[in-house]
$ cat coords20.cif   # mmCIF, C-alpha atoms
data_upload
#
loop_
_atom_site.label_atom_id
_atom_site.label_comp_id
_atom_site.auth_asym_id
_atom_site.auth_seq_id
_atom_site.Cartn_x
_atom_site.Cartn_y
_atom_site.Cartn_z
CA MET A 1438 95.97 101.38 176.41
CA LYS A 1439 98.48 103.58 178.24
CA LEU A 1440 101.03 103.26 175.41
CA LEU A 1441 98.41 104.11 172.77
CA ALA A 1442 97.23 107.11 174.76
CA LEU A 1443 100.81 108.27 175.23
CA SER A 1444 101.55 108.01 171.49
CA LEU A 1445 98.43 109.97 170.55
CA VAL A 1446 99.13 112.74 173.06
CA ILE A 1447 102.77 113.04 171.96
CA GLY A 1448 101.55 113.54 168.41
CA ALA A 1449 99.13 116.20 169.55
CA PHE A 1450 101.86 118.07 171.45
CA ALA A 1451 104.23 117.85 168.47
CA THR A 1452 101.50 119.34 166.29
CA GLY A 1453 100.82 122.02 168.89
CA CYS A 1454 104.48 123.01 168.83
CA ALA A 1455 104.44 123.49 165.06
CA VAL A 1456 103.16 127.05 165.16
CA GLU A 1457 104.25 129.87 162.94
CA PRO A 1458 107.55 131.37 164.22
CA ASN A 1459 108.34 135.07 164.25
CA ASP A 1460 111.28 134.66 161.90
CA ARG A 1461 111.10 133.57 158.27
CA LEU A 1462 113.43 131.56 156.09
CA ILE A 1463 115.36 133.71 153.62
CA GLY A 1464 115.19 132.81 149.96
CA ALA A 1465 112.22 130.44 150.07
CA GLY A 1466 110.68 131.92 146.92
CA ALA A 1467 110.03 129.21 144.37
CA TYR A 1468 111.25 126.67 146.91
CA GLY A 1469 108.63 127.52 149.52
CA ASP A 1470 107.14 124.02 149.20
CA SER A 1471 110.52 122.32 149.59
CA LEU A 1472 112.29 121.11 152.70
CA ALA A 1473 115.16 123.44 151.78
CA ALA A 1474 115.23 127.21 151.81
CA GLY A 1475 117.25 128.53 148.89
CA ASP A 1476 119.36 127.76 145.83
CA ASN A 1477 122.39 126.31 147.63
CA THR A 1478 120.76 123.50 149.60
CA GLN A 1479 119.54 120.03 148.76
CA HIS A 1480 115.87 119.83 147.80
CA HIS A 1481 113.94 116.66 148.53
CA PHE A 1482 111.54 116.55 145.63
CA GLN A 1483 111.62 113.11 144.06
CA ASP A 1484 111.76 112.09 140.40
CA PRO A 1485 108.36 110.54 139.49
CA ASN A 1486 110.00 108.64 136.61
CA THR A 1487 112.81 107.00 138.55
CA GLY A 1488 111.12 106.71 141.94
CA GLU A 1489 114.37 107.86 143.55
CA ASN A 1490 114.60 107.18 147.30
CA GLY A 1491 111.41 105.15 147.13
CA ILE A 1492 109.06 108.13 146.72
CA SER A 1493 107.53 108.39 143.28
CA ASP A 1494 105.14 111.31 143.59
CA PRO A 1495 106.62 114.77 144.23
CA ASN A 1496 103.10 116.12 144.82
CA GLN A 1497 102.78 113.81 147.80
CA VAL A 1498 106.05 115.21 149.19
CA ARG A 1499 104.55 118.69 149.00
CA VAL A 1500 101.36 117.49 150.74
CA ASP A 1501 103.36 115.79 153.50
CA THR A 1502 105.47 118.89 153.99
CA THR A 1503 102.39 121.12 154.19
CA ASN A 1504 100.82 118.81 156.78
CA VAL A 1505 103.87 119.24 159.03
CA GLY A 1506 103.65 123.03 158.91
CA SER A 1507 105.27 126.07 157.33
CA PRO A 1508 108.70 125.87 155.61
CA GLU A 1509 110.22 127.34 158.80
CA VAL A 1510 108.74 124.61 160.99
CA VAL A 1511 109.68 121.85 158.53
CA ALA A 1512 113.26 123.10 158.28
CA ARG A 1513 113.64 123.12 162.06
CA LEU A 1514 112.32 119.58 162.45
CA HIS A 1515 114.36 118.41 159.48
CA SER A 1516 117.59 119.65 161.02
CA CYS A 1517 116.95 118.50 164.59
CA SER A 1518 119.82 116.69 166.33
CA LYS A 1519 119.98 114.45 169.39
CA VAL A 1520 119.97 115.97 172.87
CA SER A 1521 123.43 115.34 174.29
CA TYR A 1522 123.81 112.95 177.22
CA ALA A 1523 124.97 115.74 179.54
CA GLU A 1524 122.13 118.03 178.47
CA LEU A 1525 119.57 115.28 179.02
CA GLY A 1526 120.93 114.94 182.54
CA SER A 1527 120.56 118.68 183.08
CA ILE A 1528 116.97 118.59 181.83
CA LEU A 1529 116.13 115.78 184.23
CA LYS A 1530 117.82 117.43 187.22
CA SER A 1531 116.16 120.78 186.59
CA ARG A 1532 112.78 119.02 186.51
CA GLY A 1533 113.41 117.52 189.94
CA ILE A 1534 114.80 114.11 188.95
CA ASP A 1535 117.61 112.61 191.03
CA THR A 1536 119.88 111.13 188.34
CA ALA A 1537 121.95 109.44 191.08
CA ASN A 1538 118.93 107.36 192.11
CA LYS A 1539 119.76 103.79 191.00
CA THR A 1540 116.44 102.26 192.07
CA ASN A 1541 115.16 99.82 189.47
CA SER A 1542 113.10 101.48 186.72
CA SER A 1543 113.73 104.97 188.14
CA ALA A 1544 114.54 107.73 185.66
CA GLY A 1545 117.99 108.05 187.26
CA ALA A 1546 118.74 104.35 186.82
CA LEU A 1547 117.55 104.34 183.21
CA TYR A 1548 119.66 107.44 182.51
CA THR A 1549 122.91 106.26 184.08
CA GLN A 1550 122.65 102.66 182.90
CA GLY A 1551 121.53 103.64 179.40
CA ALA A 1552 124.53 105.80 178.50
CA ALA A 1553 125.65 103.48 175.68
CA SER A 1554 122.18 103.39 174.11
CA LEU A 1555 122.02 107.17 174.36
CA GLY A 1556 125.17 107.43 172.22
CA VAL A 1557 127.73 108.81 174.70
CA ALA A 1558 131.30 109.35 173.57
CA ASN A 1559 133.69 106.40 173.71
CA TYR A 1560 136.96 108.17 174.46
CA PRO A 1561 139.18 105.04 174.60
CA GLY A 1562 137.78 104.04 171.21
CA ARG A 1563 138.24 107.58 169.82
CA VAL A 1564 134.50 107.78 169.06
CA ALA A 1565 132.69 111.08 169.57
CA GLU A 1566 129.19 111.31 170.98
CA ALA A 1567 126.51 110.63 168.38
CA VAL A 1568 124.91 113.74 166.90
CA ILE A 1569 121.94 112.04 165.24
CA ALA A 1570 119.67 109.98 167.46
CA SER A 1571 119.48 106.27 166.74
CA THR A 1572 116.34 104.18 167.26
CA ALA A 1573 117.90 102.79 170.44
CA ALA A 1574 118.65 106.29 171.75
CA LEU A 1575 115.13 107.54 171.11
CA SER A 1576 113.60 104.43 172.68
CA LYS A 1577 115.76 104.85 175.77
CA GLU A 1578 114.97 108.56 175.93
CA PHE A 1579 111.24 107.83 175.76
CA ASP A 1580 111.59 105.29 178.59
CA ILE A 1581 113.47 107.84 180.69
CA PHE A 1582 110.85 110.54 180.18
CA VAL A 1583 108.02 108.15 181.08
CA ALA A 1584 109.82 107.21 184.31
CA ALA A 1585 110.57 110.89 184.96
CA ALA A 1586 106.91 111.79 184.45
CA ILE A 1587 105.88 109.33 187.17
CA GLU A 1588 108.34 110.91 189.60
CA ILE A 1589 107.42 114.47 188.63
CA GLN A 1590 103.69 113.79 189.00
CA GLY A 1591 104.28 112.24 192.43
CA LYS A 1592 106.15 115.32 193.60
CA LEU A 1593 103.54 117.70 192.20
CA GLN A 1594 100.85 115.70 193.97
CA ASN A 1595 102.67 116.40 197.24
CA GLY A 1596 102.80 120.13 196.53
CA LEU A 1597 106.45 120.23 195.44
CA THR A 1598 107.76 122.33 192.55
CA MET A 1599 110.51 121.83 189.99
CA THR A 1600 114.03 123.22 190.35
CA ALA A 1601 113.79 124.95 186.98
CA CYS A 1602 110.86 127.09 188.16
CA PRO A 1603 110.38 126.83 191.91
CA THR A 1604 107.59 129.40 192.10
CA VAL A 1605 105.47 127.95 189.29
CA LYS A 1606 102.51 125.66 189.91
CA ILE A 1607 102.49 123.03 187.16
CA ILE A 1608 98.99 121.89 188.04
CA ASP A 1609 96.31 123.84 189.93
CA ASN A 1610 92.66 123.15 190.69
CA THR A 1611 91.76 123.79 187.03
CA GLY A 1612 94.38 121.45 185.59
CA PHE A 1613 97.70 122.14 183.86
CA THR A 1614 98.82 125.77 183.76
CA LYS A 1615 100.48 127.53 180.86
CA ASP A 1616 103.49 128.50 182.98
CA GLY A 1617 103.74 124.93 184.21
CA ILE A 1618 103.82 123.45 180.73
CA SER A 1619 106.34 126.13 179.70
CA CYS A 1620 108.55 124.95 182.55
CA LEU A 1621 108.29 121.31 181.46
CA MET A 1622 109.06 122.15 177.82
CA GLY A 1623 111.65 124.83 178.39
CA LYS A 1624 109.87 127.12 175.92
CA PRO A 1625 106.69 129.25 175.98
CA ALA A 1626 103.53 127.15 175.92
CA SER A 1627 100.42 128.06 173.96
CA ASP A 1628 96.75 127.74 174.85
CA ASN A 1629 96.69 124.68 172.58
CA HIS A 1630 99.33 122.97 174.73
CA VAL A 1631 97.22 123.55 177.84
CA ALA A 1632 94.10 122.28 176.11
CA VAL A 1633 95.83 119.11 174.87
CA ALA A 1634 97.32 118.38 178.29
CA ASN A 1635 94.05 118.79 180.14
CA ASP A 1636 92.18 116.86 177.46
CA ALA A 1637 94.66 113.99 177.80
CA VAL A 1638 93.86 113.77 181.51
CA SER A 1639 90.11 113.81 180.83
CA VAL A 1640 90.32 111.13 178.16
CA ALA A 1641 92.51 108.95 180.37
CA GLN A 1642 89.89 109.07 183.10
CA THR A 1643 87.12 108.12 180.69
CA LYS A 1644 89.23 105.06 179.79
CA GLY A 1645 89.36 103.94 183.41
CA LEU A 1646 92.69 105.46 184.43
CA THR A 1647 93.10 107.56 187.56
CA LEU A 1648 93.68 111.32 187.66
CA ALA A 1649 97.33 110.72 188.61
CA GLN A 1650 97.84 108.34 185.67
CA GLY A 1651 96.27 110.83 183.26
CA GLN A 1652 98.56 113.58 184.53
CA THR A 1653 101.56 111.26 184.18
CA ILE A 1654 100.66 110.53 180.54
CA ALA A 1655 100.34 114.26 179.84
CA ILE A 1656 103.67 115.09 181.53
CA ALA A 1657 105.50 112.31 179.68
CA SER A 1658 104.02 113.48 176.38
CA ILE A 1659 105.06 117.08 177.03
CA LEU A 1660 108.65 116.06 177.85
CA GLU A 1661 108.97 113.72 174.89
CA ALA A 1662 107.42 116.07 172.34
CA ALA A 1663 109.59 118.96 173.52
CA HIS A 1664 112.94 117.20 173.76
CA THR A 1665 112.95 114.73 170.87
CA CYS A 1666 112.48 115.18 167.14
CA GLU A 1667 110.40 112.07 166.47
#

$ encode --input "coords20.cif" --output "structure tokens"
Amino acid sequence: MKLLALSLVIGAFATGCAVEPNDRLIGAGAYGDSLAAGDNTQHHFQDPNTGENGISDPNQVRVDTTNVGSPEVVARLHSCSKVSYAELGSILKSRGIDTANKTNSSAGALYTQGAASLGVANYPGRVAEAVIASTAALSKEFDIFVAAAIEIQGKLQNGLTMTACPTVKIIDNTGFTKDGISCLMGKPASDNHVAVANDAVSVAQTKGLTLAQGQTIAIASILEAAHTCE
């Protein structure tokens, strides 16, 4: 039940993030319904006669693209790369996670012991850090954010704040705050983000979970939707 709830909330946050940006892609024109922006990039329409790449209906590609959002939003998601190992550590530390904590199942232990899965550089083997996230890297990252959410929620429950925004209350007596969600994501939150987070807590409680568990699910979903591309 918790895993299903987490998956649904992550999807809702990812959708909430797909809002119209202030900037626009240049040269969309006739290619406005494509994953690419202009004449010098690869378009992903498929050939209905050959079924190239396993997709036979180009109209379905257009529908799928439209469902994701505007060409600007699609292009950003389409070009998203993996968060580097060092940057992931910085994100965790700035959100109040002790990455040196080696306690079993702690976010710090999962982070330090999961370096290989997260695609760190292998200098003796002359292998650079992975740029594109593998399935193993994303799975490990999701595990880390779930563990981090438990620790963050515990600290918030005790009245503590996060290093990234020490004066911001993530949760008040009305629920999640917009500034608090902005701090978790590292980007401005919208009213939709607040609504989804608070709704996740309410739904969790109707399913028999506690307030703390609902808040943990919401925090994990915010972190995962903001810092992964999947």

$ residues_near_point --input "coords20.cif" --point "(130.8, 114.9, 168.4)" --cutoff "12 Å" --atoms "all atoms listed in the file" --output "list in words"
Ser1518, Lys1519, Val1520, Ser1521, Tyr1522, Gly1556, Val1557, Ala1558, Asn1559, Tyr1560, Arg1563, Val1564, Ala1565, Glu1566, Ala1567, Val1568 and Ile1569 of chain A

$ write_last_selection --input "coords20.cif" --atoms "C-alpha atoms" --output "PDB file, in the frame of the given file"
ATOM      1  CA  SER A1518     119.820 116.690 166.330  1.00  0.00           C
ATOM      2  CA  LYS A1519     119.980 114.450 169.390  1.00  0.00           C
ATOM      3  CA  VAL A1520     119.970 115.970 172.870  1.00  0.00           C
ATOM      4  CA  SER A1521     123.430 115.340 174.290  1.00  0.00           C
ATOM      5  CA  TYR A1522     123.810 112.950 177.220  1.00  0.00           C
ATOM      6  CA  GLY A1556     125.170 107.430 172.220  1.00  0.00           C
ATOM      7  CA  VAL A1557     127.730 108.810 174.700  1.00  0.00           C
ATOM      8  CA  ALA A1558     131.300 109.350 173.570  1.00  0.00           C
ATOM      9  CA  ASN A1559     133.690 106.400 173.710  1.00  0.00           C
ATOM     10  CA  TYR A1560     136.960 108.170 174.460  1.00  0.00           C
ATOM     11  CA  ARG A1563     138.240 107.580 169.820  1.00  0.00           C
ATOM     12  CA  VAL A1564     134.500 107.780 169.060  1.00  0.00           C
ATOM     13  CA  ALA A1565     132.690 111.080 169.570  1.00  0.00           C
ATOM     14  CA  GLU A1566     129.190 111.310 170.980  1.00  0.00           C
ATOM     15  CA  ALA A1567     126.510 110.630 168.380  1.00  0.00           C
ATOM     16  CA  VAL A1568     124.910 113.740 166.900  1.00  0.00           C
ATOM     17  CA  ILE A1569     121.940 112.040 165.240  1.00  0.00           C
TER      18      ILE A1569
END

$ atom_distance --input "coords20.cif" --atom1 "atom CA of Ala1553 of chain A" --atom2 "atom CA of Ala1573 of chain A"
9.4 Å

$ residues_around --input "coords20.cif" --residues "Met1599 of chain A" --least-positions-apart "6" --cutoff "8 Å" --atoms "only C-alpha atoms" --output "VMD selection string"
chain A and resid 1531 to 1533 1605

$ atom_distance --input "coords20.cif" --atom1 "atom CA of Val1638 of chain A" --atom2 "atom CA of Gly1545 of chain A"
25.5 Å

$ resolve_selection --input "coords20.cif" --expression "the PyMOL selection byres ((chain A and resi 1657) around 8)" --output "compact mmCIF listing (two decimals) with C-alpha atoms, keeping the file's coordinate frame"
# COMPACT_ATOMS: atom_id res chain seq x y z
CA LEU A 1443 100.81 108.27 175.23
CA PHE A 1582 110.85 110.54 180.18
CA VAL A 1583 108.02 108.15 181.08
CA ALA A 1585 110.57 110.89 184.96
CA ALA A 1586 106.91 111.79 184.45
CA THR A 1653 101.56 111.26 184.18
CA ILE A 1654 100.66 110.53 180.54
CA ALA A 1655 100.34 114.26 179.84
CA ILE A 1656 103.67 115.09 181.53
CA SER A 1658 104.02 113.48 176.38
CA ILE A 1659 105.06 117.08 177.03
CA LEU A 1660 108.65 116.06 177.85
CA GLU A 1661 108.97 113.72 174.89

$ closest_residue --input "coords20.cif" --among "A:Ala1546, A:Ala1663, A:Ala1649, A:Ala1637" --to "Asn1595 of chain A" --atoms "only C-alpha atoms"
A:Ala1649

$ residues_around --input "coords20.cif" --residues "Ile1581 of chain A" --least-positions-apart "2" --cutoff "7 Å" --atoms "all atoms listed in the file" --output "list in words"
Ala1544, Leu1547, Tyr1548, Lys1577, Glu1578, Phe1579, Val1583, Ala1584 and Ala1585 of chain A

$ resolve_selection --input "coords20.cif" --expression "the PyMOL selection byres ((chain A and resi 1631-1634) around 9)" --output "PyMOL selection string"
chain A and resi 1446+1449-1450+1453+1612-1615+1618+1626-1630+1635-1639+1652+1654-1656+1658-1659

$ decode --input "coords20.cif" --residues "segment 1568-1610 of chain A" --atoms "N, CA and C atoms" --output "JSON list (two decimals), in the first residue's frame"
[["chain", "number", "residue", "atom", "x", "y", "z"],
["A", 1568, "VAL", "N", 26.64, 9.37, -17.09],
["A", 1568, "VAL", "CA", 25.87, 10.59, -17.31],
["A", 1568, "VAL", "C", 24.37, 10.26, -17.33],
["A", 1569, "ILE", "N", 24.03, 9.14, -17.95],
["A", 1569, "ILE", "CA", 22.64, 8.71, -18.02],
["A", 1569, "ILE", "C", 22.37, 7.71, -16.90],
["A", 1570, "ALA", "N", 21.28, 7.88, -16.21],
["A", 1570, "ALA", "CA", 20.96, 7.00, -15.08],
["A", 1570, "ALA", "C", 20.55, 5.62, -15.57],
["A", 1571, "SER", "N", 21.09, 4.61, -14.94],
["A", 1571, "SER", "CA", 20.69, 3.23, -15.21],
["A", 1571, "SER", "C", 19.51, 2.88, -14.32],
["A", 1572, "THR", "N", 18.89, 1.72, -14.58],
["A", 1572, "THR", "CA", 17.79, 1.27, -13.73],
["A", 1572, "THR", "C", 18.27, 1.09, -12.30],
["A", 1573, "ALA", "N", 19.48, 0.54, -12.14],
["A", 1573, "ALA", "CA", 20.04, 0.32, -10.81],
["A", 1573, "ALA", "C", 20.26, 1.65, -10.09],
["A", 1574, "ALA", "N", 20.74, 2.66, -10.81],
["A", 1574, "ALA", "CA", 20.99, 3.97, -10.21],
["A", 1574, "ALA", "C", 19.69, 4.62, -9.75],
["A", 1575, "LEU", "N", 18.66, 4.54, -10.59],
["A", 1575, "LEU", "CA", 17.38, 5.15, -10.21],
["A", 1575, "LEU", "C", 16.74, 4.41, -9.04],
["A", 1576, "SER", "N", 16.85, 3.08, -9.04],
["A", 1576, "SER", "CA", 16.30, 2.30, -7.93],
["A", 1576, "SER", "C", 17.00, 2.66, -6.62],
["A", 1577, "LYS", "N", 18.33, 2.77, -6.68],
["A", 1577, "LYS", "CA", 19.08, 3.14, -5.48],
["A", 1577, "LYS", "C", 18.75, 4.56, -5.04],
["A", 1578, "GLU", "N", 18.60, 5.46, -6.00],
["A", 1578, "GLU", "CA", 18.27, 6.84, -5.68],
["A", 1578, "GLU", "C", 16.90, 6.93, -5.00],
["A", 1579, "PHE", "N", 15.94, 6.15, -5.51],
["A", 1579, "PHE", "CA", 14.61, 6.14, -4.91],
["A", 1579, "PHE", "C", 14.69, 5.62, -3.47],
["A", 1580, "ASP", "N", 15.47, 4.56, -3.26],
["A", 1580, "ASP", "CA", 15.63, 4.02, -1.90],
["A", 1580, "ASP", "C", 16.22, 5.07, -0.96],
["A", 1581, "ILE", "N", 17.21, 5.79, -1.46],
["A", 1581, "ILE", "CA", 17.87, 6.82, -0.65],
["A", 1581, "ILE", "C", 16.89, 7.92, -0.26],
["A", 1582, "PHE", "N", 16.09, 8.37, -1.23],
["A", 1582, "PHE", "CA", 15.15, 9.45, -0.94],
["A", 1582, "PHE", "C", 14.04, 9.00, 0.02],
["A", 1583, "VAL", "N", 13.64, 7.73, -0.06],
["A", 1583, "VAL", "CA", 12.64, 7.23, 0.89],
["A", 1583, "VAL", "C", 13.22, 7.24, 2.30],
["A", 1584, "ALA", "N", 14.46, 6.74, 2.43],
["A", 1584, "ALA", "CA", 15.13, 6.74, 3.74],
["A", 1584, "ALA", "C", 15.34, 8.18, 4.23],
["A", 1585, "ALA", "N", 15.71, 9.06, 3.31],
["A", 1585, "ALA", "CA", 15.92, 10.47, 3.69],
["A", 1585, "ALA", "C", 14.62, 11.10, 4.16],
["A", 1586, "ALA", "N", 13.52, 10.75, 3.51],
["A", 1586, "ALA", "CA", 12.22, 11.32, 3.88],
["A", 1586, "ALA", "C", 11.85, 10.96, 5.31],
["A", 1587, "ILE", "N", 12.16, 9.72, 5.71],
["A", 1587, "ILE", "CA", 11.87, 9.29, 7.08],
["A", 1587, "ILE", "C", 12.65, 10.14, 8.07],
["A", 1588, "GLU", "N", 13.93, 10.38, 7.76],
["A", 1588, "GLU", "CA", 14.77, 11.17, 8.66],
["A", 1588, "GLU", "C", 14.34, 12.63, 8.68],
["A", 1589, "ILE", "N", 14.00, 13.17, 7.50],
["A", 1589, "ILE", "CA", 13.58, 14.57, 7.43],
["A", 1589, "ILE", "C", 12.28, 14.77, 8.20],
["A", 1590, "GLN", "N", 11.32, 13.86, 8.01],
["A", 1590, "GLN", "CA", 10.04, 13.98, 8.71],
["A", 1590, "GLN", "C", 10.24, 13.91, 10.22],
["A", 1591, "GLY", "N", 11.14, 13.04, 10.67],
["A", 1591, "GLY", "CA", 11.41, 12.93, 12.10],
["A", 1591, "GLY", "C", 11.97, 14.21, 12.67],
["A", 1592, "LYS", "N", 12.84, 14.86, 11.92],
["A", 1592, "LYS", "CA", 13.42, 16.12, 12.38],
["A", 1592, "LYS", "C", 12.38, 17.24, 12.39],
["A", 1593, "LEU", "N", 11.54, 17.27, 11.34],
["A", 1593, "LEU", "CA", 10.51, 18.30, 11.28],
["A", 1593, "LEU", "C", 9.52, 18.14, 12.42],
["A", 1594, "GLN", "N", 9.26, 16.88, 12.77],
["A", 1594, "GLN", "CA", 8.32, 16.60, 13.86],
["A", 1594, "GLN", "C", 8.85, 17.14, 15.19],
["A", 1595, "ASN", "N", 10.17, 17.22, 15.29],
["A", 1595, "ASN", "CA", 10.81, 17.73, 16.51],
["A", 1595, "ASN", "C", 11.11, 19.23, 16.42],
["A", 1596, "GLY", "N", 10.54, 19.88, 15.40],
["A", 1596, "GLY", "CA", 10.69, 21.33, 15.28],
["A", 1596, "GLY", "C", 11.98, 21.79, 14.63],
["A", 1597, "LEU", "N", 12.76, 20.86, 14.06],
["A", 1597, "LEU", "CA", 14.01, 21.23, 13.41],
["A", 1597, "LEU", "C", 13.76, 21.69, 11.97],
["A", 1598, "THR", "N", 14.70, 22.43, 11.41],
["A", 1598, "THR", "CA", 14.61, 22.90, 10.03],
["A", 1598, "THR", "C", 15.75, 22.31, 9.21],
["A", 1599, "MET", "N", 15.70, 22.54, 7.91],
["A", 1599, "MET", "CA", 16.74, 22.01, 7.02],
["A", 1599, "MET", "C", 17.85, 23.03, 6.81],
["A", 1600, "THR", "N", 19.05, 22.53, 6.60],
["A", 1600, "THR", "CA", 20.21, 23.40, 6.40],
["A", 1600, "THR", "C", 20.02, 24.34, 5.22],
["A", 1601, "ALA", "N", 19.38, 23.84, 4.17],
["A", 1601, "ALA", "CA", 19.20, 24.64, 2.96],
["A", 1601, "ALA", "C", 18.35, 25.87, 3.20],
["A", 1602, "CYS", "N", 17.45, 25.81, 4.16],
["A", 1602, "CYS", "CA", 16.56, 26.95, 4.44],
["A", 1602, "CYS", "C", 16.18, 26.93, 5.92],
["A", 1603, "PRO", "N", 17.11, 27.35, 6.76],
["A", 1603, "PRO", "CA", 16.93, 27.23, 8.21],
["A", 1603, "PRO", "C", 15.77, 28.02, 8.80],
["A", 1604, "THR", "N", 15.28, 29.02, 8.10],
["A", 1604, "THR", "CA", 14.19, 29.83, 8.65],
["A", 1604, "THR", "C", 12.81, 29.42, 8.12],
["A", 1605, "VAL", "N", 12.79, 28.42, 7.26],
["A", 1605, "VAL", "CA", 11.54, 28.02, 6.61],
["A", 1605, "VAL", "C", 10.89, 26.86, 7.36],
["A", 1606, "LYS", "N", 9.59, 26.97, 7.58],
["A", 1606, "LYS", "CA", 8.83, 25.87, 8.18],
["A", 1606, "LYS", "C", 8.30, 25.01, 7.04],
["A", 1607, "ILE", "N", 8.72, 23.77, 6.97],
["A", 1607, "ILE", "CA", 8.27, 22.88, 5.90],
["A", 1607, "ILE", "C", 6.80, 22.53, 6.09],
["A", 1608, "ILE", "N", 6.44, 22.27, 7.34],
["A", 1608, "ILE", "CA", 5.07, 21.91, 7.68],
["A", 1608, "ILE", "C", 4.61, 22.78, 8.84],
["A", 1609, "ASP", "N", 3.40, 23.38, 8.71],
["A", 1609, "ASP", "CA", 2.83, 24.13, 9.82],
["A", 1609, "ASP", "C", 1.52, 23.49, 10.23],
["A", 1610, "ASN", "N", 0.70, 24.20, 10.98],
["A", 1610, "ASN", "CA", -0.54, 23.60, 11.46],
["A", 1610, "ASN", "C", -1.58, 23.40, 10.37]]
